[in-house]
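Following: one structure in structure tokens, then a few remarks.
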Amino acid sequence: MPSSPNHVLEFPGGYTRSVGPVIGRFLTELRDGRLMGVRTAGGRVLVPPTEYDPATGEAVTDEWVEVGPSGTVQTWSWVAHPRPEHPLDRPFAWALIKPDGADTALLHALDMGVHEAGAKPPRQLKTGLRVRPKWRAERSGHISDIECFRPEVTMITAPTRQEYTLGAGRALGRFLEGIAEGKILGHRCPVCDSVIVPMKGMCARDGVPTTEEVEVADTGTVTTFAVNNIPDPRAPEVPFVSAYILLDGADIPMLALVAGIPADQVRIGMRVKAAWRPREEWGPTMANIKWFEPIDEPDVPFERIKDYV
């Protein structure tokens with residue numbers, strides 16, 4: 001049996017109807033950039049307003065209450081593939097939004113920023129999200145005078161930069177001289193015999209000056225580490241790993257980057273080696289070592305490094 005053709009009913013110029021005094025007042029206020037509700041005999045504020053209290057059937061009062069414009073998302077539904085007739089041409093959410101001062105919620109579009117078609121809901125989209133309306137510049141007295149709602153601003157990234165000059169001092173200066181020559185130098189404590197890297201000119205444990213220089217290897221063992229998801233100009237990519245590395249011949253772990261391996265494969269006890277920049281780029285700076293990379297050696301048992309974690 002052949003299927004029946006689709007029939008389209010269209011009103012040329014639109015379908016015109018009266019809205020009544022309550023809805024009319026609501027739309028007039030929208031045209032003027034205000035969000036209004038009406039109070040019921042029981043004291044509740046209805047937004048959008050109706051002529052009768054939906055809970056009791058009683059007529060509402062003549063008391064109008066300005067609400068919002070901020071509100072709270074009560075529930076939402078994500079639209080990953082907008083249709084041509086939708087209010088936004090990119091993924092958005094339909095949300096029930098309860099304006100501040102209202103006891104009911106209104107349905108409207110919620111713009112969560114630019115997302116590719118088919119994108120999943122962003123993590124910040126959740127019940128309880130605080131939002132504000134985006135008003136159209138030209139308004140006519142229609143619910144679309146509110147173009148959409150958008151999240152309130154709760155966090156910013158400030159473009160800050162700080163420069164300072166570090167006076168290295170005698171011990172650190174000597175350490176950086178060694179780095180400029182491709183050497184990693186430490187000081188041996190005359191009391192506890194620990195080798196301190198980088199050298200500091202004193203032993204923090206015994207409180208005594210240190211002067212005996214010791215060159216240590218540029219290989220070592222990861223004693224603990226952290227996976228970082230905030231970009232850093234020194235790191236090759238995000239996420240990256242910063243780790244405390246106990247260099248062979250040292251007794252104090254040194255903080256450095258670890259690369260050359262996926263972040264989720266870095267582990268305590270892993271053996272690593274310094275990745276030096278080309279010799280012509282060396283100077284009195286720790287930037288001579290880009291990071292530490294894994295080497296093909298067995299992991300060090302935890303029992304041997306547990307006191308350095």
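How things are named: the first chain in the structure tokens is A, the next is B, and so on; residues count from 1 in each chain; ligands count from 1 in the order shown.
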
* Please identify all polymer residues within 8 Å of Leu46 in chain A, counting only C-alpha atoms, omitting same-chain residues fewer than 6 positions from it, and present them as a ChimeraX atom specification. => /A:37-40,102-104

* **Residues near Arg279 in chain A, cut-off 10 Å, only C-alpha atoms, skip fewer than 2 positions along chain, as a list in words** => Ala180, Glu181, Gly182, Trp276, Arg277, Glu281, Trp282, Gly283 and Asn288 of chain A

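If only C-alpha atoms are the atoms counted, then among A:Pro49, A:Val79, A:Met112, A:Arg188 the closest residue to Val153 in chain A is A:Met112.
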
* To do: Please provide the set of residues having any atom within 6 Å of range 69-72 of chain A, restricted to only C-alpha atoms, with same-chain residues fewer than 4 positions apart removed, written as a PyMOL selection string.
  => chain A and resi 97-100+128-132

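Take the candidates A:Asp206, A:Tyr164, A:Ile295, A:Thr157 and check each one against Thr219 in chain A using only C-alpha atoms; the shortest distance goes to A:Ile295.
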
* To do: Measure the distance from CA of Val300 in chain A to CA of Met270 in chain A in Å and round it to one decimal.
  => 6.6 Å

* From the set A:Ser242, A:Lys290, A:Ile252, A:Pro236, which residue has the shortest atom-to-atom contact distance to Cys189 in chain A, counting only C-alpha atoms? -> A:Ile252

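Distances here use only C-alpha atoms; by that measure, the residue among A:Thr285, A:Asp53, A:Gln124, A:Pro262 closest to Leu166 in chain A is A:Thr285.
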
* Any chance you could list, as a list in words, the residues in range 84-296 of chain A that come up helix (DSSP H, G or I) when DSSP is run on the backbone? => Ile143, Ser144, Asp145, Gly169, Arg170, Ala171, Leu172, Gly173, Arg174, Phe175, Leu176, Glu177, Gly178, Ile179, Ala180, Ala263, Asp264, Gln265, Arg279, Glu280, Glu281, Met286, Ala287 and Asn288 of chain A

* For Ile245 in chain A, the nearest of the candidates A:Ile261, A:Val73, A:Ile179, A:Val272, counting only C-alpha atoms ->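 Selected residue with least distance to Ile245 in chain A: A:Val272.
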
* Taking the DSSP assignment computed from this structure's backbone, write out as a PyMOL selection string all residues of range 196-239 of chain A that belong to strand (DSSP E or B). => chain A and resi 196+202+209+212-216+219-228

* To do: Can you work out which one of A:Gly178, A:Glu280, A:Arg44, A:Gly269 has the shortest atom-to-atom distance to Glu303 in chain A, counting only C-alpha atoms?
  =>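 Once distances to Glu303 in chain A are computed over only C-alpha atoms, the minimum belongs to A:Gly269.
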
* Tell me, as number ranges by chain, which residues lie within 10 Å of Tyr52 in chain A, counting only C-alpha atoms; anything in the same chain fewer than 5 positions away does not count. => A: 22, 40-41, 46, 57-61

Create the file for the chosen residues now, containing C-alpha atoms and written as a compact mmCIF listing (two decimals), in the first residue's frame.
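In the end it all went to result-v2.txt:
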# COMPACT_ATOMS: atom_id res chain seq x y z
CA VAL A 22 -0.82 38.00 32.55
CA THR A 40 -0.10 33.38 43.89
CA ALA A 41 -2.52 33.72 46.79
CA LEU A 46 5.39 31.72 39.17
CA GLY A 57 -6.63 26.46 40.51
CA GLU A 58 -7.11 29.85 42.18
CA ALA A 59 -6.57 33.03 40.23
CA VAL A 60 -3.17 34.62 40.80
CA THR A 61 -2.85 38.00 42.51
